[in-house]
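data-v2.cif (mmCIF, N, CA and C atoms) appears below.
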```cif
data_work
loop_
_atom_site.label_atom_id
_atom_site.label_comp_id
_atom_site.auth_asym_id
_atom_site.auth_seq_id
_atom_site.Cartn_x
_atom_site.Cartn_y
_atom_site.Cartn_z
N MET A 1 -8.04 -14.10 10.14
CA MET A 1 -6.87 -14.35 10.95
C MET A 1 -6.36 -13.04 11.49
N ARG A 2 -5.53 -13.11 12.48
CA ARG A 2 -4.99 -11.91 13.11
C ARG A 2 -3.57 -11.64 12.61
N CYS A 3 -3.22 -10.36 12.60
CA CYS A 3 -1.87 -9.96 12.24
C CYS A 3 -0.90 -10.59 13.23
N ALA A 4 0.20 -11.12 12.73
CA ALA A 4 1.19 -11.75 13.58
C ALA A 4 1.89 -10.75 14.49
N TYR A 5 1.78 -9.47 14.20
CA TYR A 5 2.47 -8.45 14.96
C TYR A 5 1.57 -7.66 15.90
N CYS A 6 0.42 -7.20 15.42
CA CYS A 6 -0.44 -6.35 16.26
C CYS A 6 -1.67 -7.07 16.80
N GLU A 7 -1.92 -8.30 16.32
CA GLU A 7 -3.03 -9.13 16.78
C GLU A 7 -4.42 -8.60 16.40
N ARG A 8 -4.48 -7.59 15.55
CA ARG A 8 -5.78 -7.12 15.03
C ARG A 8 -6.11 -7.94 13.79
N PRO A 9 -7.34 -7.90 13.32
CA PRO A 9 -7.68 -8.66 12.11
C PRO A 9 -6.74 -8.25 10.96
N LEU A 10 -6.17 -9.25 10.28
CA LEU A 10 -5.24 -8.98 9.20
C LEU A 10 -6.01 -8.58 7.95
N MET A 11 -5.95 -7.29 7.66
CA MET A 11 -6.64 -6.72 6.50
C MET A 11 -5.61 -6.05 5.62
N CYS A 12 -5.77 -6.19 4.32
CA CYS A 12 -4.85 -5.61 3.35
C CYS A 12 -4.96 -4.09 3.35
N ALA A 13 -3.82 -3.42 3.49
CA ALA A 13 -3.81 -1.96 3.48
C ALA A 13 -4.15 -1.41 2.10
N GLN A 14 -3.90 -2.17 1.05
CA GLN A 14 -4.15 -1.70 -0.31
C GLN A 14 -5.64 -1.71 -0.68
N CYS A 15 -6.30 -2.86 -0.41
CA CYS A 15 -7.68 -3.00 -0.87
C CYS A 15 -8.70 -3.17 0.25
N GLY A 16 -8.24 -3.37 1.49
CA GLY A 16 -9.14 -3.49 2.62
C GLY A 16 -9.72 -4.88 2.84
N ALA A 17 -9.33 -5.85 2.01
CA ALA A 17 -9.86 -7.21 2.16
C ALA A 17 -9.23 -7.89 3.37
N GLU A 18 -10.05 -8.63 4.10
CA GLU A 18 -9.52 -9.40 5.21
C GLU A 18 -8.80 -10.63 4.67
N TYR A 19 -7.60 -10.88 5.18
CA TYR A 19 -6.82 -12.02 4.70
C TYR A 19 -7.28 -13.28 5.44
N VAL A 20 -7.69 -14.27 4.66
CA VAL A 20 -8.09 -15.57 5.20
C VAL A 20 -7.23 -16.62 4.51
N PRO A 21 -6.28 -17.22 5.24
CA PRO A 21 -5.43 -18.22 4.60
C PRO A 21 -6.24 -19.45 4.21
N PRO A 22 -6.08 -19.92 2.98
CA PRO A 22 -6.88 -21.05 2.52
C PRO A 22 -6.42 -22.40 3.08
N THR A 23 -5.18 -22.47 3.56
CA THR A 23 -4.63 -23.74 4.04
C THR A 23 -3.73 -23.49 5.25
N PRO A 24 -3.43 -24.54 6.01
CA PRO A 24 -2.44 -24.38 7.09
C PRO A 24 -1.08 -23.93 6.56
N GLU A 25 -0.73 -24.33 5.34
CA GLU A 25 0.54 -23.91 4.75
C GLU A 25 0.56 -22.41 4.49
N ALA A 26 -0.56 -21.87 4.03
CA ALA A 26 -0.66 -20.43 3.79
C ALA A 26 -0.59 -19.68 5.12
N TYR A 27 -1.19 -20.24 6.15
CA TYR A 27 -1.12 -19.63 7.48
C TYR A 27 0.33 -19.61 7.95
N ALA A 28 1.03 -20.72 7.76
CA ALA A 28 2.43 -20.80 8.17
C ALA A 28 3.28 -19.78 7.43
N ALA A 29 2.97 -19.52 6.16
CA ALA A 29 3.71 -18.53 5.39
C ALA A 29 3.56 -17.14 5.99
N VAL A 30 2.39 -16.82 6.50
CA VAL A 30 2.17 -15.51 7.14
C VAL A 30 2.99 -15.42 8.43
N GLN A 31 3.08 -16.51 9.15
CA GLN A 31 3.81 -16.52 10.42
C GLN A 31 5.32 -16.52 10.23
N ALA A 32 5.79 -17.00 9.08
CA ALA A 32 7.23 -17.03 8.80
C ALA A 32 7.62 -15.73 8.12
N CYS A 33 8.37 -14.90 8.82
CA CYS A 33 8.67 -13.58 8.27
C CYS A 33 9.61 -13.63 7.07
N ASP A 34 10.13 -14.79 6.74
CA ASP A 34 11.04 -14.89 5.59
C ASP A 34 10.34 -15.34 4.32
N VAL A 35 9.00 -15.36 4.33
CA VAL A 35 8.21 -15.77 3.17
C VAL A 35 7.28 -14.62 2.79
N ALA A 36 7.35 -14.19 1.53
CA ALA A 36 6.47 -13.12 1.05
C ALA A 36 5.05 -13.65 0.87
N VAL A 37 4.07 -12.83 1.24
CA VAL A 37 2.66 -13.21 1.13
C VAL A 37 1.93 -12.11 0.35
N ALA A 38 1.19 -12.52 -0.67
CA ALA A 38 0.41 -11.57 -1.47
C ALA A 38 -1.05 -11.65 -1.07
N CYS A 39 -1.72 -10.51 -1.13
CA CYS A 39 -3.16 -10.47 -0.89
C CYS A 39 -3.84 -11.21 -2.05
N PRO A 40 -4.71 -12.17 -1.75
CA PRO A 40 -5.37 -12.90 -2.83
C PRO A 40 -6.37 -12.04 -3.61
N THR A 41 -6.80 -10.93 -3.05
CA THR A 41 -7.78 -10.07 -3.71
C THR A 41 -7.13 -9.12 -4.72
N CYS A 42 -6.13 -8.36 -4.25
CA CYS A 42 -5.50 -7.37 -5.14
C CYS A 42 -4.14 -7.82 -5.65
N GLU A 43 -3.62 -8.91 -5.11
CA GLU A 43 -2.35 -9.51 -5.52
C GLU A 43 -1.13 -8.65 -5.22
N GLU A 44 -1.28 -7.65 -4.35
CA GLU A 44 -0.14 -6.86 -3.89
C GLU A 44 0.47 -7.54 -2.66
N ILE A 45 1.72 -7.18 -2.33
CA ILE A 45 2.32 -7.71 -1.11
C ILE A 45 1.44 -7.30 0.06
N LEU A 46 1.16 -8.25 0.94
CA LEU A 46 0.25 -8.01 2.06
C LEU A 46 0.89 -7.06 3.07
N VAL A 47 0.16 -6.01 3.41
CA VAL A 47 0.56 -5.03 4.42
C VAL A 47 -0.61 -4.90 5.37
N CYS A 48 -0.35 -5.05 6.68
CA CYS A 48 -1.42 -4.93 7.66
C CYS A 48 -1.98 -3.52 7.66
N ARG A 49 -3.28 -3.42 7.50
CA ARG A 49 -3.96 -2.12 7.48
C ARG A 49 -3.78 -1.36 8.80
N TRP A 50 -3.64 -2.07 9.91
CA TRP A 50 -3.63 -1.44 11.23
C TRP A 50 -2.23 -1.00 11.67
N CYS A 51 -1.24 -1.90 11.56
CA CYS A 51 0.08 -1.56 12.09
C CYS A 51 1.13 -1.33 11.01
N GLY A 52 0.76 -1.63 9.75
CA GLY A 52 1.68 -1.39 8.65
C GLY A 52 2.75 -2.45 8.46
N SER A 53 2.65 -3.57 9.19
CA SER A 53 3.62 -4.64 9.00
C SER A 53 3.53 -5.15 7.57
N VAL A 54 4.70 -5.28 6.94
CA VAL A 54 4.77 -5.70 5.56
C VAL A 54 5.18 -7.17 5.51
N TYR A 55 4.37 -7.98 4.86
CA TYR A 55 4.64 -9.41 4.74
C TYR A 55 5.37 -9.68 3.42
N ASP A 56 6.56 -9.07 3.28
CA ASP A 56 7.30 -9.13 2.02
C ASP A 56 8.46 -10.13 2.03
N GLY A 57 8.59 -10.87 3.10
CA GLY A 57 9.64 -11.88 3.17
C GLY A 57 10.94 -11.39 3.77
N THR A 58 10.95 -10.17 4.27
CA THR A 58 12.14 -9.65 4.94
C THR A 58 11.80 -9.35 6.38
N CYS A 59 12.73 -9.61 7.25
CA CYS A 59 12.52 -9.28 8.66
C CYS A 59 13.87 -9.17 9.34
N GLU A 60 13.89 -8.52 10.46
CA GLU A 60 15.09 -8.38 11.26
C GLU A 60 15.19 -9.57 12.21
N PRO A 61 16.41 -10.00 12.55
CA PRO A 61 16.53 -11.09 13.53
C PRO A 61 15.80 -10.74 14.82
N GLY A 62 15.04 -11.67 15.32
CA GLY A 62 14.26 -11.45 16.54
C GLY A 62 12.88 -10.89 16.29
N ASP A 63 12.57 -10.52 15.04
CA ASP A 63 11.27 -9.96 14.72
C ASP A 63 10.25 -11.02 14.30
N GLU A 64 10.67 -12.27 14.32
CA GLU A 64 9.77 -13.32 13.85
C GLU A 64 8.50 -13.34 14.70
N PRO A 65 7.35 -13.31 14.05
CA PRO A 65 6.09 -13.38 14.80
C PRO A 65 5.85 -14.79 15.31
N THR A 66 4.98 -14.90 16.29
CA THR A 66 4.60 -16.21 16.79
C THR A 66 3.11 -16.35 16.62
N GLY A 67 2.65 -17.57 16.57
CA GLY A 67 1.22 -17.81 16.41
C GLY A 67 0.95 -19.25 16.10
N GLU A 68 -0.26 -19.64 16.24
CA GLU A 68 -0.66 -21.02 15.95
C GLU A 68 -1.82 -20.99 14.99
N TRP A 69 -1.91 -22.05 14.19
CA TRP A 69 -3.01 -22.21 13.25
C TRP A 69 -4.32 -22.27 14.02
N THR A 70 -5.24 -21.40 13.66
CA THR A 70 -6.53 -21.35 14.34
C THR A 70 -7.66 -21.78 13.41
N GLY A 71 -7.30 -22.15 12.19
CA GLY A 71 -8.28 -22.64 11.22
C GLY A 71 -9.32 -21.66 10.95
#
```

Same coordinates, now as structure tokens:
Amino acid sequence: MRCAYCERPLMCAQCGAEYVPPTPEAYAAVQACDVAVACPTCEEILVCRWCGSVYDGTCEPGDEPTGEWTG
């Protein structure tokens, strides 16, 4: 899947694993900036390797990413 912010492949900055959401619900969690997402490989909070966006469940108003489930 792609990072909701920079559109590059969403890879964990900690371990380098590419994030692949297992379900549409997991995909939706990545797109909702108010939900924390952990890397399934290293179990750390997901941080985009490319742009540094942190998927920790906090965001500024207007920063919500957009995207659609691409399976």

Item to complete: Please work out which residues fall within 9 Å of (3.7, -16.2, 4.3), coordinates as given in the file, with only C-alpha atoms counting, and return them as a PyMOL selection string.
Response: chain A and resi 25-38+55-57

Worksheet entry | Output of the PyMOL selection byres (((chain A and resi 14 and name CA) around 12) and name CA), listed as a PyMOL selection string | chain A and resi 11-13+15-19+38-50+52+54

Worksheet entry | Computed interatomic separation between CA of Thr23 (chain A) and atom N of Cys51 (chain A) (Å) | 23.3 Å

Response to the item:
A straight line from atom C of Pro22 (chain A) to atom C of Cys59 (chain A) spans 25.0 Å

Worksheet, complete the sentence: In Å and to one decimal, atom C of Ala4 (chain A) is distant from CA of Ser53 (chain A) by 8.4 Å

Give me the residues near Cys3 (chain A) as a short mmCIF file (atom, residue, chain, number, x, y, z; two decimals) with N, CA and C atoms, in the coordinates of the input, where near means some atom within 8 Å (using all atoms listed in the file) and where sequence neighbours in that chain fewer than 3 positions away do not count.
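Output saved as result25.cif:
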```
data_model
loop_
_atom_site.label_atom_id
_atom_site.label_comp_id
_atom_site.auth_asym_id
_atom_site.auth_seq_id
_atom_site.Cartn_x
_atom_site.Cartn_y
_atom_site.Cartn_z
N CYS A 6 0.42 -7.20 15.42
CA CYS A 6 -0.44 -6.35 16.26
C CYS A 6 -1.67 -7.07 16.80
N GLU A 7 -1.92 -8.30 16.32
CA GLU A 7 -3.03 -9.13 16.78
C GLU A 7 -4.42 -8.60 16.40
N ARG A 8 -4.48 -7.59 15.55
CA ARG A 8 -5.78 -7.12 15.03
C ARG A 8 -6.11 -7.94 13.79
N PRO A 9 -7.34 -7.90 13.32
CA PRO A 9 -7.68 -8.66 12.11
C PRO A 9 -6.74 -8.25 10.96
N LEU A 10 -6.17 -9.25 10.28
CA LEU A 10 -5.24 -8.98 9.20
C LEU A 10 -6.01 -8.58 7.95
N MET A 11 -5.95 -7.29 7.66
CA MET A 11 -6.64 -6.72 6.50
C MET A 11 -5.61 -6.05 5.62
N VAL A 30 2.39 -16.82 6.50
CA VAL A 30 2.17 -15.51 7.14
C VAL A 30 2.99 -15.42 8.43
N CYS A 48 -0.35 -5.05 6.68
CA CYS A 48 -1.42 -4.93 7.66
C CYS A 48 -1.98 -3.52 7.66
N PRO A 65 7.35 -13.31 14.05
CA PRO A 65 6.09 -13.38 14.80
C PRO A 65 5.85 -14.79 15.31
N THR A 66 4.98 -14.90 16.29
CA THR A 66 4.60 -16.21 16.79
C THR A 66 3.11 -16.35 16.62
#
```
